[in-house]
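S.K.: Okay, so here is structure.txt, and as you'll see once you scroll down, it has compact mmCIF, C-alpha atoms (C1' of nucleotides).
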# COMPACT_ATOMS: atom_id res chain seq x y z
CA MET A 1 -16.20 49.14 57.74
CA GLU A 2 -17.79 47.02 60.46
CA PRO A 3 -20.11 44.33 59.19
CA MET A 4 -23.64 44.93 60.35
CA PRO A 5 -24.95 42.71 63.16
CA ILE A 6 -27.42 41.12 60.80
CA GLU A 7 -24.58 40.08 58.52
CA GLN A 8 -22.66 38.73 61.48
CA ALA A 9 -25.67 36.70 62.57
CA ARG A 10 -26.02 35.27 59.11
CA SER A 11 -22.42 34.32 58.76
CA LEU A 12 -22.32 32.79 62.23
CA PHE A 13 -25.37 30.68 61.47
CA ILE A 14 -24.03 29.57 58.11
CA ARG A 15 -20.71 28.58 59.62
CA ARG A 16 -22.34 26.55 62.38
CA TRP A 17 -24.79 24.88 60.03
CA GLY A 18 -21.87 23.87 57.86
CA GLU A 19 -19.92 22.37 60.76
CA MET A 20 -23.03 20.56 61.86
CA GLY A 21 -23.59 19.08 58.43
CA ALA A 22 -20.03 17.79 58.42
CA THR A 23 -20.62 15.65 61.51
CA TRP A 24 -23.82 14.43 59.92
CA GLY A 25 -22.32 13.08 56.76
CA ILE A 26 -23.26 16.13 54.68
CA SER A 27 -20.48 18.08 53.09
CA ARG A 28 -19.68 21.40 54.73
CA THR A 29 -20.24 23.39 51.55
CA MET A 30 -23.58 21.76 50.82
CA ALA A 31 -24.79 22.57 54.32
CA GLU A 32 -23.53 26.13 54.01
CA ILE A 33 -25.35 26.63 50.73
CA HIS A 34 -28.47 25.30 52.35
CA ALA A 35 -28.10 27.67 55.29
CA LEU A 36 -27.55 30.62 52.97
CA LEU A 37 -30.68 29.82 51.00
CA TYR A 38 -32.68 29.07 54.13
CA LEU A 39 -32.05 32.60 55.39
CA ALA A 40 -32.33 34.38 52.06
CA THR A 41 -35.36 36.59 51.69
CA LYS A 42 -35.32 36.16 47.92
CA PRO A 43 -34.09 33.51 45.49
CA LEU A 44 -30.35 33.49 44.82
CA CYS A 45 -28.46 32.55 41.68
CA THR A 46 -25.27 30.52 41.35
CA ASP A 47 -23.11 33.63 41.29
CA ASP A 48 -24.61 34.91 44.52
CA ILE A 49 -23.63 31.67 46.15
CA MET A 50 -20.14 31.69 44.70
CA ASP A 51 -19.61 35.21 45.99
CA HIS A 52 -21.03 34.67 49.45
CA LEU A 53 -19.29 31.41 50.21
CA ALA A 54 -16.19 31.73 48.05
CA VAL A 55 -16.62 28.45 46.22
CA SER A 56 -16.07 27.55 42.58
CA ARG A 57 -18.79 27.39 40.01
CA GLY A 58 -18.39 23.65 39.72
CA SER A 59 -18.81 23.07 43.39
CA ALA A 60 -21.81 25.36 43.60
CA SER A 61 -23.44 23.58 40.69
CA MET A 62 -22.87 20.09 42.10
CA ASN A 63 -24.02 20.93 45.58
CA LEU A 64 -27.07 22.78 44.34
CA ARG A 65 -28.07 19.81 42.26
CA GLU A 66 -27.68 17.54 45.25
CA LEU A 67 -29.84 19.82 47.38
CA VAL A 68 -32.50 19.83 44.68
CA ASN A 69 -32.32 16.01 44.62
CA TRP A 70 -32.90 15.92 48.35
CA GLY A 71 -35.87 18.20 47.83
CA LEU A 72 -34.53 20.83 50.20
CA ILE A 73 -34.32 23.58 47.60
CA GLN A 74 -36.10 24.38 44.37
CA ARG A 75 -35.12 25.95 41.10
CA VAL A 76 -37.10 29.05 40.30
CA HIS A 77 -37.09 31.11 37.17
CA GLN A 78 -37.01 34.85 37.36
CA ARG A 79 -39.04 36.30 34.52
CA GLY A 80 -36.87 38.01 31.94
CA ASP A 81 -33.64 36.62 33.34
CA ARG A 82 -31.75 33.71 31.89
CA LYS A 83 -30.10 32.80 35.13
CA GLU A 84 -31.52 30.08 37.29
CA TYR A 85 -32.39 30.95 40.84
CA PHE A 86 -32.74 28.80 43.89
CA GLU A 87 -35.00 29.00 46.87
CA ALA A 88 -35.05 26.88 50.02
CA GLU A 89 -37.96 25.25 51.72
CA THR A 90 -38.41 27.33 54.88
CA ASP A 91 -41.04 25.33 56.70
CA VAL A 92 -38.94 23.34 59.14
CA TRP A 93 -41.56 20.63 59.46
CA GLN A 94 -41.65 20.20 55.74
CA MET A 95 -37.86 20.03 55.84
CA PHE A 96 -38.06 17.39 58.53
CA GLU A 97 -40.57 15.42 56.51
CA THR A 98 -38.41 15.64 53.39
CA ILE A 99 -35.19 14.66 55.11
CA THR A 100 -36.65 11.76 57.05
CA ARG A 101 -38.46 10.44 53.99
CA GLU A 102 -35.29 10.50 51.94
CA ARG A 103 -33.11 9.04 54.69
CA ARG A 104 -35.64 6.33 55.22
CA ARG A 105 -35.61 5.45 51.57
CA ARG A 106 -31.85 5.59 51.19
CA GLU A 107 -30.68 4.27 54.53
CA VAL A 108 -33.32 2.66 56.70
CA LEU A 109 -35.00 0.57 54.02
CA PRO A 110 -31.75 -1.07 52.87
CA ILE A 111 -30.96 -1.97 56.46
CA MET A 112 -34.38 -3.50 56.90
CA GLU A 113 -34.01 -5.49 53.71
CA THR A 114 -30.64 -6.72 54.86
CA LEU A 115 -32.11 -7.77 58.19
CA GLU A 116 -34.83 -9.71 56.41
CA ARG A 117 -32.24 -11.50 54.35
CA CYS A 118 -30.20 -12.24 57.46
CA LEU A 119 -33.23 -13.77 59.14
CA GLU A 120 -33.86 -15.93 56.09
CA MET A 121 -30.27 -17.09 56.23
CA LEU A 122 -30.76 -18.15 59.81
CA ASP A 123 -33.67 -20.31 58.73
CA ASP A 124 -31.40 -21.88 56.14
CA ALA A 125 -28.83 -22.41 58.87
CA ARG A 126 -31.24 -24.53 60.84
CA ALA A 127 -31.87 -26.66 57.76
CA THR A 128 -28.23 -27.50 57.06
CA SER A 129 -26.86 -30.87 58.06
CA ASP A 130 -23.98 -29.64 60.24
CA ALA A 131 -26.21 -27.77 62.67
CA PRO A 132 -24.83 -24.62 64.28
CA ALA A 133 -25.44 -24.22 67.99
CA PRO A 134 -29.19 -23.63 68.16
CA GLU A 135 -28.99 -21.13 70.99
CA GLU A 136 -26.51 -19.07 68.98
CA VAL A 137 -28.97 -18.98 66.11
CA ALA A 138 -31.68 -17.91 68.55
CA THR A 139 -29.51 -15.05 69.83
CA TYR A 140 -28.74 -13.85 66.34
CA ARG A 141 -32.38 -13.99 65.44
CA LYS A 142 -33.29 -11.83 68.41
CA ARG A 143 -30.57 -9.28 67.64
CA PHE A 144 -31.72 -8.97 64.04
CA ARG A 145 -35.39 -8.77 64.98
CA ASP A 146 -34.77 -6.14 67.64
CA ILE A 147 -33.23 -3.74 65.17
CA TYR A 148 -35.87 -4.52 62.59
CA GLU A 149 -38.65 -3.71 65.00
CA PHE A 150 -36.91 -0.59 66.17
CA CYS A 151 -36.74 0.67 62.58
CA ASP A 152 -40.39 -0.16 62.12
CA VAL A 153 -41.50 1.78 65.19
CA MET A 154 -39.32 4.73 64.27
CA ASN A 155 -40.75 4.85 60.77
CA THR A 156 -44.25 5.12 62.16
CA LEU A 157 -43.26 7.63 64.79
CA PHE A 158 -41.47 9.92 62.37
CA ASN A 159 -44.38 9.78 59.98
CA SER A 160 -46.77 10.92 62.66
CA VAL A 161 -44.46 13.59 63.97
CA ALA A 162 -43.94 15.02 60.51
CA LYS A 163 -47.69 15.19 60.01
CA ALA A 164 -48.37 16.57 63.46
CA GLY A 165 -45.63 19.15 63.21
CA ARG A 166 -47.08 21.10 60.39
CA ARG A 167 -50.13 21.98 62.45
CA GLY A 168 -47.93 23.90 64.81
CA ILE A 169 -45.02 23.11 66.97
CA ALA A 170 -46.38 24.37 70.25
CA PRO A 171 -49.34 22.00 70.65
CA LEU A 172 -47.19 19.01 69.83
CA GLY A 173 -44.57 20.14 72.33
CA LYS A 174 -47.18 20.46 75.03
CA LEU A 175 -48.70 17.10 74.22
CA ILE A 176 -45.36 15.36 74.51
CA ALA A 177 -44.39 17.21 77.66
CA LYS A 178 -47.62 16.04 79.27
CA PHE A 179 -46.88 12.47 78.27
CA VAL A 180 -43.42 12.59 79.84
CA ARG A 181 -44.78 13.59 83.22
CA MET B 1 -15.27 -25.04 52.39
CA GLU B 2 -18.55 -23.15 52.17
CA PRO B 3 -19.09 -20.66 54.96
CA MET B 4 -22.05 -21.61 57.10
CA PRO B 5 -25.24 -19.58 56.59
CA ILE B 6 -24.94 -18.13 60.07
CA GLU B 7 -21.49 -16.78 59.19
CA GLN B 8 -22.85 -15.38 55.97
CA ALA B 9 -25.63 -13.64 57.85
CA ARG B 10 -23.16 -12.15 60.27
CA SER B 11 -20.82 -10.89 57.63
CA LEU B 12 -23.66 -9.46 55.58
CA PHE B 13 -25.01 -7.58 58.56
CA ILE B 14 -21.58 -6.29 59.53
CA ARG B 15 -20.91 -5.07 56.03
CA ARG B 16 -24.24 -3.26 55.80
CA TRP B 17 -23.91 -1.73 59.23
CA GLY B 18 -20.51 -0.42 58.22
CA GLU B 19 -21.79 1.15 55.00
CA MET B 20 -24.63 2.67 56.93
CA GLY B 21 -22.30 4.19 59.48
CA ALA B 22 -20.29 5.75 56.67
CA THR B 23 -23.27 7.74 55.39
CA TRP B 24 -23.96 8.78 58.97
CA GLY B 25 -20.61 10.32 59.71
CA ILE B 26 -19.32 7.27 61.59
CA SER B 27 -16.23 5.58 60.22
CA ARG B 28 -16.84 2.31 58.47
CA THR B 29 -14.48 0.37 60.68
CA MET B 30 -15.99 1.72 63.87
CA ALA B 31 -19.46 0.74 62.74
CA GLU B 32 -18.21 -2.71 61.74
CA ILE B 33 -16.62 -3.27 65.12
CA HIS B 34 -19.86 -2.23 66.73
CA ALA B 35 -21.85 -4.65 64.57
CA LEU B 36 -19.46 -7.48 65.36
CA LEU B 37 -19.79 -6.89 69.09
CA TYR B 38 -23.54 -6.38 68.87
CA LEU B 39 -23.93 -9.87 67.43
CA ALA B 40 -21.30 -11.58 69.55
CA THR B 41 -22.64 -14.03 72.10
CA LYS B 42 -19.62 -13.52 74.32
CA PRO B 43 -17.12 -10.68 74.89
CA LEU B 44 -14.36 -10.35 72.30
CA CYS B 45 -10.78 -9.19 72.68
CA THR B 46 -8.76 -6.92 70.41
CA ASP B 47 -7.24 -9.87 68.54
CA ASP B 48 -10.65 -11.34 67.80
CA ILE B 49 -11.60 -8.05 66.21
CA MET B 50 -8.36 -7.77 64.26
CA ASP B 51 -8.86 -11.26 62.89
CA HIS B 52 -12.51 -10.94 62.01
CA LEU B 53 -12.32 -7.55 60.34
CA ALA B 54 -8.73 -7.57 59.12
CA VAL B 55 -7.74 -4.28 60.69
CA SER B 56 -4.56 -3.25 62.43
CA ARG B 57 -4.08 -3.27 66.16
CA GLY B 58 -3.85 0.50 66.22
CA SER B 59 -7.10 0.98 64.40
CA ALA B 60 -8.87 -1.56 66.59
CA SER B 61 -7.61 0.15 69.73
CA MET B 62 -8.64 3.63 68.60
CA ASN B 63 -12.07 2.63 67.41
CA LEU B 64 -12.77 0.57 70.51
CA ARG B 65 -11.89 3.52 72.70
CA GLU B 66 -14.20 5.74 70.71
CA LEU B 67 -17.04 3.25 71.06
CA VAL B 68 -16.46 3.10 74.80
CA ASN B 69 -16.56 6.92 74.86
CA TRP B 70 -19.90 6.87 73.12
CA GLY B 71 -21.10 4.39 75.71
CA LEU B 72 -22.01 1.82 73.09
CA ILE B 73 -19.63 -0.87 74.34
CA GLN B 74 -18.03 -1.72 77.65
CA ARG B 75 -14.72 -3.15 78.73
CA VAL B 76 -15.06 -6.38 80.64
CA HIS B 77 -12.41 -8.38 82.41
CA GLN B 78 -12.25 -12.11 82.03
CA ARG B 79 -11.12 -13.70 85.28
CA GLY B 80 -7.65 -15.15 84.98
CA ASP B 81 -6.91 -13.51 81.65
CA ARG B 82 -4.81 -10.43 81.20
CA LYS B 83 -6.49 -9.44 77.95
CA GLU B 84 -9.26 -6.90 77.92
CA TYR B 85 -12.55 -7.92 76.43
CA PHE B 86 -15.37 -5.86 75.01
CA GLU B 87 -19.07 -6.29 75.04
CA ALA B 88 -21.79 -4.25 73.32
CA GLU B 89 -24.98 -2.90 74.72
CA THR B 90 -27.65 -5.08 73.10
CA ASP B 91 -30.82 -3.36 74.24
CA VAL B 92 -31.68 -1.26 71.19
CA TRP B 93 -33.69 1.21 73.23
CA GLN B 94 -30.79 1.75 75.55
CA MET B 95 -28.62 2.23 72.45
CA PHE B 96 -31.08 4.77 71.14
CA GLU B 97 -31.05 6.61 74.44
CA THR B 98 -27.26 6.65 74.54
CA ILE B 99 -26.80 7.82 70.98
CA THR B 100 -29.43 10.53 71.09
CA ARG B 101 -28.15 11.83 74.43
CA GLU B 102 -24.63 12.11 73.07
CA ARG B 103 -25.65 13.61 69.75
CA ARG B 104 -27.81 16.12 71.56
CA ARG B 105 -24.94 17.15 73.74
CA ARG B 106 -22.39 17.30 70.92
CA GLU B 107 -24.49 18.58 68.06
CA VAL B 108 -27.91 19.92 68.93
CA LEU B 109 -26.92 22.01 71.94
CA PRO B 110 -24.21 23.93 70.07
CA ILE B 111 -26.70 24.74 67.34
CA MET B 112 -29.21 26.00 69.88
CA GLU B 113 -26.58 28.17 71.54
CA THR B 114 -25.63 29.58 68.17
CA LEU B 115 -29.25 30.37 67.40
CA GLU B 116 -29.60 32.19 70.72
CA ARG B 117 -26.55 34.26 69.90
CA CYS B 118 -27.92 34.99 66.44
CA LEU B 119 -31.18 36.21 67.93
CA GLU B 120 -29.29 38.49 70.30
CA MET B 121 -27.38 39.89 67.36
CA LEU B 122 -30.64 40.73 65.64
CA ASP B 123 -31.67 42.72 68.71
CA ASP B 124 -28.40 44.58 68.45
CA ALA B 125 -29.11 45.15 64.79
CA ARG B 126 -32.31 46.99 65.62
CA ALA B 127 -30.39 49.22 67.99
CA THR B 128 -27.75 50.36 65.53
CA SER B 129 -28.02 53.76 63.92
CA ASP B 130 -27.97 52.63 60.28
CA ALA B 131 -31.07 50.52 60.58
CA PRO B 132 -31.28 47.41 58.42
CA ALA B 133 -34.59 46.80 56.70
CA PRO B 134 -36.87 45.92 59.59
CA GLU B 135 -38.82 43.31 57.68
CA GLU B 136 -35.58 41.55 56.81
CA VAL B 137 -34.72 41.40 60.49
CA ALA B 138 -38.17 40.01 61.19
CA THR B 139 -37.70 37.27 58.61
CA TYR B 140 -34.34 36.28 60.02
CA ARG B 141 -35.79 36.21 63.49
CA LYS B 142 -38.51 33.86 62.39
CA ARG B 143 -36.09 31.54 60.59
CA PHE B 144 -33.85 31.32 63.64
CA ARG B 145 -36.73 30.82 66.04
CA ASP B 146 -38.29 28.11 63.89
CA ILE B 147 -35.19 25.98 64.05
CA TYR B 148 -34.74 26.69 67.72
CA GLU B 149 -38.24 25.54 68.51
CA PHE B 150 -37.87 22.53 66.29
CA CYS B 151 -34.79 21.48 68.25
CA ASP B 152 -36.66 22.05 71.47
CA VAL B 153 -39.58 19.86 70.48
CA MET B 154 -37.26 17.18 69.18
CA ASN B 155 -35.32 17.14 72.41
CA THR B 156 -38.49 16.55 74.35
CA LEU B 157 -39.71 13.97 71.89
CA PHE B 158 -36.49 11.97 71.94
CA ASN B 159 -36.42 12.10 75.70
CA SER B 160 -39.91 10.72 75.91
CA VAL B 161 -39.28 8.06 73.33
CA ALA B 162 -36.11 6.94 75.07
CA LYS B 163 -37.94 6.80 78.39
CA ALA B 164 -40.95 5.05 76.96
CA GLY B 165 -38.58 2.74 75.15
CA ARG B 166 -39.13 -0.93 75.29
CA ARG B 167 -41.67 -0.55 78.04
CA GLY B 168 -43.92 0.53 75.23
CA ILE B 169 -43.58 3.24 72.70
CA ALA B 170 -47.06 2.33 71.58
CA PRO B 171 -48.94 4.71 73.92
CA LEU B 172 -46.88 7.66 72.73
CA GLY B 173 -47.38 6.58 69.14
CA LYS B 174 -51.12 6.41 69.65
CA LEU B 175 -51.19 9.80 71.33
CA ILE B 176 -49.42 11.44 68.43
CA ALA B 177 -51.47 9.53 65.88
CA LYS B 178 -54.62 10.82 67.56
CA PHE B 179 -53.25 14.34 67.46
CA VAL B 180 -52.55 14.00 63.75
CA ARG B 181 -56.08 12.98 62.91
C1' DG C 1 13.51 -5.39 88.84
C1' DA C 2 13.48 -8.21 84.70
C1' DT C 3 10.38 -10.58 81.75
C1' DT C 4 6.37 -11.24 79.34
C1' DG C 5 1.95 -10.10 77.52
C1' DT C 6 -1.09 -6.42 76.35
C1' DT C 7 -2.68 -1.78 75.16
C1' DT C 8 -1.87 2.91 73.59
C1' DT C 9 0.21 6.34 70.85
C1' DC C 10 1.73 8.61 66.81
C1' DA C 11 4.30 9.73 62.52
C1' DG C 12 3.85 8.47 58.03
C1' DA C 13 1.16 6.10 54.31
C1' DA C 14 -3.07 5.32 52.06
C1' DA C 15 -7.66 5.99 51.03
C1' DG C 16 -11.59 8.63 50.56
C1' DC C 17 -13.87 13.07 49.46
C1' DA C 18 -14.69 17.58 48.01
C1' DT C 19 -13.19 21.30 45.10
C1' DT C 20 -11.34 23.47 41.20
C1' DG C 21 -11.22 25.18 36.63
C1' DA C 22 -11.49 24.56 32.02
C1' DA C 23 -13.87 22.35 28.25
C1' DG C 24 -18.19 21.36 26.42
C1' DG C 25 -23.22 21.74 26.10
C1' DA C 26 -27.71 23.88 25.93
C1' DG C 27 -30.63 27.64 25.03
C1' DA C 28 -31.82 32.18 24.06
C1' DT C 29 -31.00 36.30 21.17
C1' DC C 30 -29.46 38.85 17.42
C1' DG D 1 -26.06 30.22 12.31
C1' DA D 2 -23.09 33.01 15.16
C1' DT D 3 -22.81 34.81 19.57
C1' DC D 4 -23.61 35.26 24.27
C1' DT D 5 -24.80 33.60 28.77
C1' DC D 6 -25.17 30.37 31.85
C1' DC D 7 -25.02 25.52 33.45
C1' DT D 8 -22.88 20.97 33.80
C1' DT D 9 -19.28 17.67 33.69
C1' DC D 10 -15.02 15.59 34.91
C1' DA D 11 -9.98 14.81 35.29
C1' DA D 12 -6.65 16.66 38.13
C1' DT D 13 -5.63 18.51 42.55
C1' DG D 14 -5.63 19.27 47.28
C1' DC D 15 -7.50 18.35 51.74
C1' DT D 16 -9.21 15.45 55.49
C1' DT D 17 -9.87 11.37 57.56
C1' DT D 18 -8.55 6.87 58.60
C1' DC D 19 -5.35 3.18 58.99
C1' DT D 20 -0.92 1.01 59.76
C1' DG D 21 2.94 -0.72 62.21
C1' DA D 22 6.44 -0.10 65.21
C1' DA D 23 7.84 1.94 69.41
C1' DA D 24 6.62 3.33 73.92
C1' DA D 25 3.97 2.73 77.93
C1' DC D 26 1.81 -0.03 81.12
C1' DA D 27 0.86 -3.85 84.19
C1' DA D 28 1.02 -8.36 85.94
C1' DT D 29 4.02 -12.21 87.11
C1' DC D 30 8.07 -14.42 88.28
Can you present the structure in this file as structure tokens?
M.R.:
Amino acid sequence: MEPMPIEQARSLFIRRWGEMGATWGISRTMAEIHALLYLATKPLCTDDIMDHLAVSRGSASMNLRELVNWGLIQRVHQRGDRKEYFEAETDVWQMFETITRERRRREVLPIMETLERCLEMLDDARATSDAPAPEEVATYRKRFRDIYEFCDVMNTLFNSVAKAGRRGIAPLGKLIAKFVR
Amino acid sequence: MEPMPIEQARSLFIRRWGEMGATWGISRTMAEIHALLYLATKPLCTDDIMDHLAVSRGSASMNLRELVNWGLIQRVHQRGDRKEYFEAETDVWQMFETITRERRRREVLPIMETLERCLEMLDDARATSDAPAPEEVATYRKRFRDIYEFCDVMNTLFNSVAKAGRRGIAPLGKLIAKFVR
DNA sequence: GATTGTTTTCAGAAAGCATTGAAGGAGATC
DNA sequence: GATCTCCTTCAATGCTTTCTGAAAACAATC
């Protein structure tokens, strides 16, 4: 029997979302589970996921936990059923907000802290007796500061965009398009 | 002998940049080479990189090529020297522009094409004799469209930000901030 | 066109990651 | 408290990516 077009669409999307995740440092299976839940019209349980994606119980469990940690999916209880069900956030702007917040915390902040420490070290460098070439220190300082400031600006920008987004994509799109011109 | 603070700062930054790359789907070594070149005050050759990072010639060669492909570093010739030297782009806004352009081409566009195809499939689904639940089709359509539009807005946004770049991202930031309020 | 210095390639080795499956745990139900 | 159902954990396994090192290719110089 031919799979229905709607099934084909789903499986195509899931496959692509998985590939995409892989190039983004997210495991293929985790991204696929996310895609499956994002499309689902009702909460799914672990067995649903195992069946659909042909993965082991262990893998499903681990990846689901990780997705819950990221805040991209939620556990939901179905009354009168002992199984646990899962449901994805479907508001893409909320998703964006969640992902950028987490990535900021896990990845951008550590970089910024490191840059601060590096800048402090440069100050120490100036204080040492055997002075390093002062213009080299100046160059390093600029390189460190440039990235630091970039992170800072991006933090602010992403915050605003996440907030703006929820009010509706279209107005924001128009606003930006006008700015570009 | 104690390493000088400026060396410490460099090695700390390189290490962190490498770890960061790893969580971003960029190989640790490639990110480290990039960091090394980003800080360097003059072009470096393959041997410099091998020495500093303790990697093999093969690995250095491969990763350097990849970085050139991404447009993040350039080959430069040193007059009267047969070796090839490399130099990183140091304008962070230019880096941002380069990276987002490439990622868009490699990753966002394919997703958008897939979403278009998925939407077409849903149209086909409506046409088939054994009709799938129409409200399920409607839900899928919305989910696909939401991501599509999100990508669209993000494309525009990143374009604008890259253009605005150093010249001042502030006006765009203000505009969006005003919109949020 | 041989020599020398440099880069690229690639098969095999190593490292890093994700997945499996079975054992164990935690709760609900009888 | 025994049983049943489902969830989690983790050591072992398999897969993918990355790195190595030597050989081949290339290019400049004599």
S.K.: Would you list which chain C residues are within 12 Å of chain B using all atoms listed in the file, as a compact mmCIF listing (two decimals) with C-alpha atoms (C1' of nucleotides), in the coordinates of the input?
M.R.:
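Everything below was put into selection.txt:
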# COMPACT_ATOMS: atom_id res chain seq x y z
C1' DT C 4 6.37 -11.24 79.34
C1' DG C 5 1.95 -10.10 77.52
C1' DT C 6 -1.09 -6.42 76.35
C1' DT C 7 -2.68 -1.78 75.16
C1' DT C 8 -1.87 2.91 73.59
C1' DT C 9 0.21 6.34 70.85
C1' DC C 10 1.73 8.61 66.81
C1' DG C 16 -11.59 8.63 50.56
S.K.: Restrict the distance test to only C-alpha atoms (C1' of nucleotides), flag each residue of chain D within 9 Å of chain A, and return the flagged residues as a ChimeraX atom specification.
M.R.: /D:5-9
S.K.: Take atom CA of Ala9 of chain B and atom CA of Ala125 of chain A and report the distance between them in Å, one decimal.
M.R.: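 Spanning atom CA of Ala9 of chain B to atom CA of Ala125 of chain A is a straight-line distance of 9.4 Å.
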S.K.: Give me, as a Markdown table, each residue of chain B that comes within 7 Å of chain A, together with its shortest interatomic pair and the distance in Å at one decimal, counting all atoms listed in the file, with rows ordered by chain and rising residue number.
M.R.:
| residue | atom | partner | partner_atom | distance |
| --- | --- | --- | --- | --- |
| B:Pro5 | CA | A:Ala125 | CA | 5.1 |
| B:Ile6 | CA | A:Leu122 | CA | 5.8 |
| B:Ala9 | CA | A:Cys118 | CA | 4.8 |
| B:Phe13 | CA | A:Thr114 | CA | 6.8 |
| B:Arg16 | CA | A:Ile111 | CA | 6.9 |
| B:Met20 | CA | A:Glu107 | CA | 6.7 |
| B:Thr23 | CA | A:Gly25 | CA | 5.6 |
| B:Trp24 | CA | A:Gly25 | CA | 5.1 |
| B:Gly25 | CA | A:Gly25 | CA | 4.4 |
| B:Leu39 | CA | A:Tyr140 | CA | 6.3 |
| B:Val92 | CA | A:Ile147 | CA | 6.7 |
| B:Glu107 | CA | A:Met20 | CA | 6.7 |
| B:Ile111 | CA | A:Arg16 | CA | 6.8 |
| B:Thr114 | CA | A:Phe13 | CA | 6.8 |
| B:Cys118 | CA | A:Ala9 | CA | 4.8 |
| B:Met121 | CA | A:Pro5 | CA | 5.6 |
| B:Leu122 | CA | A:Ile6 | CA | 5.8 |
| B:Asp124 | CA | A:Pro5 | CA | 6.6 |
| B:Ala125 | CA | A:Pro5 | CA | 5.1 |
| B:Tyr140 | CA | A:Leu39 | CA | 6.3 |
| B:Arg143 | CA | A:Leu39 | CA | 6.7 |
| B:Asp146 | CA | A:Val92 | CA | 6.8 |
| B:Ile147 | CA | A:Val92 | CA | 6.7 |
| B:Val153 | CA | A:Gly173 | CA | 5.3 |
| B:Thr156 | CA | A:Ala177 | CA | 6.8 |
| B:Leu157 | CA | A:Ile176 | CA | 6.4 |
| B:Ser160 | CA | A:Val180 | CA | 5.6 |
| B:Gly173 | CA | A:Leu157 | CA | 6.1 |
| B:Ile176 | CA | A:Ser160 | CA | 6.4 |
| B:Ala177 | CA | A:Ser160 | CA | 5.9 |
| B:Phe179 | CA | A:Ala164 | CA | 6.7 |
| B:Val180 | CA | A:Ala164 | CA | 4.9 |
S.K.: With C-alpha atoms retained, write the just-selected residues as a PDB file, in the coordinates of the input.
M.R.:
ATOM      1  CA  PRO B   5     -25.240 -19.580  56.590  1.00  0.00           C
ATOM      2  CA  ILE B   6     -24.940 -18.130  60.070  1.00  0.00           C
ATOM      3  CA  ALA B   9     -25.630 -13.640  57.850  1.00  0.00           C
ATOM      4  CA  PHE B  13     -25.010  -7.580  58.560  1.00  0.00           C
ATOM      5  CA  ARG B  16     -24.240  -3.260  55.800  1.00  0.00           C
ATOM      6  CA  MET B  20     -24.630   2.670  56.930  1.00  0.00           C
ATOM      7  CA  THR B  23     -23.270   7.740  55.390  1.00  0.00           C
ATOM      8  CA  TRP B  24     -23.960   8.780  58.970  1.00  0.00           C
ATOM      9  CA  GLY B  25     -20.610  10.320  59.710  1.00  0.00           C
ATOM     10  CA  LEU B  39     -23.930  -9.870  67.430  1.00  0.00           C
ATOM     11  CA  VAL B  92     -31.680  -1.260  71.190  1.00  0.00           C
ATOM     12  CA  GLU B 107     -24.490  18.580  68.060  1.00  0.00           C
ATOM     13  CA  ILE B 111     -26.700  24.740  67.340  1.00  0.00           C
ATOM     14  CA  THR B 114     -25.630  29.580  68.170  1.00  0.00           C
ATOM     15  CA  CYS B 118     -27.920  34.990  66.440  1.00  0.00           C
ATOM     16  CA  MET B 121     -27.380  39.890  67.360  1.00  0.00           C
ATOM     17  CA  LEU B 122     -30.640  40.730  65.640  1.00  0.00           C
ATOM     18  CA  ASP B 124     -28.400  44.580  68.450  1.00  0.00           C
ATOM     19  CA  ALA B 125     -29.110  45.150  64.790  1.00  0.00           C
ATOM     20  CA  TYR B 140     -34.340  36.280  60.020  1.00  0.00           C
ATOM     21  CA  ARG B 143     -36.090  31.540  60.590  1.00  0.00           C
ATOM     22  CA  ASP B 146     -38.290  28.110  63.890  1.00  0.00           C
ATOM     23  CA  ILE B 147     -35.190  25.980  64.050  1.00  0.00           C
ATOM     24  CA  VAL B 153     -39.580  19.860  70.480  1.00  0.00           C
ATOM     25  CA  THR B 156     -38.490  16.550  74.350  1.00  0.00           C
ATOM     26  CA  LEU B 157     -39.710  13.970  71.890  1.00  0.00           C
ATOM     27  CA  SER B 160     -39.910  10.720  75.910  1.00  0.00           C
ATOM     28  CA  GLY B 173     -47.380   6.580  69.140  1.00  0.00           C
ATOM     29  CA  ILE B 176     -49.420  11.440  68.430  1.00  0.00           C
ATOM     30  CA  ALA B 177     -51.470   9.530  65.880  1.00  0.00           C
ATOM     31  CA  PHE B 179     -53.250  14.340  67.460  1.00  0.00           C
ATOM     32  CA  VAL B 180     -52.550  14.000  63.750  1.00  0.00           C
TER      33      VAL B 180
END
S.K.: Counting only C-alpha atoms (C1' of nucleotides), find residues at most 7 Å from (-3.5, 4.9, 62.4) (file frame) and give them as a ChimeraX atom specification.
M.R.: /B:58-59 /D:18-20
S.K.: Using atom CA of Pro43 of chain A and atom CA of Phe86 of chain A as the two end points, give the distance in Å to one decimal.
M.R.: 5.2 Å
S.K.: For atom CA of Val76 of chain B and atom CA of Arg104 of chain B, determine how far apart the two atoms are, in Å to one decimal place.
M.R.: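 So the answer is 27.4 Å.
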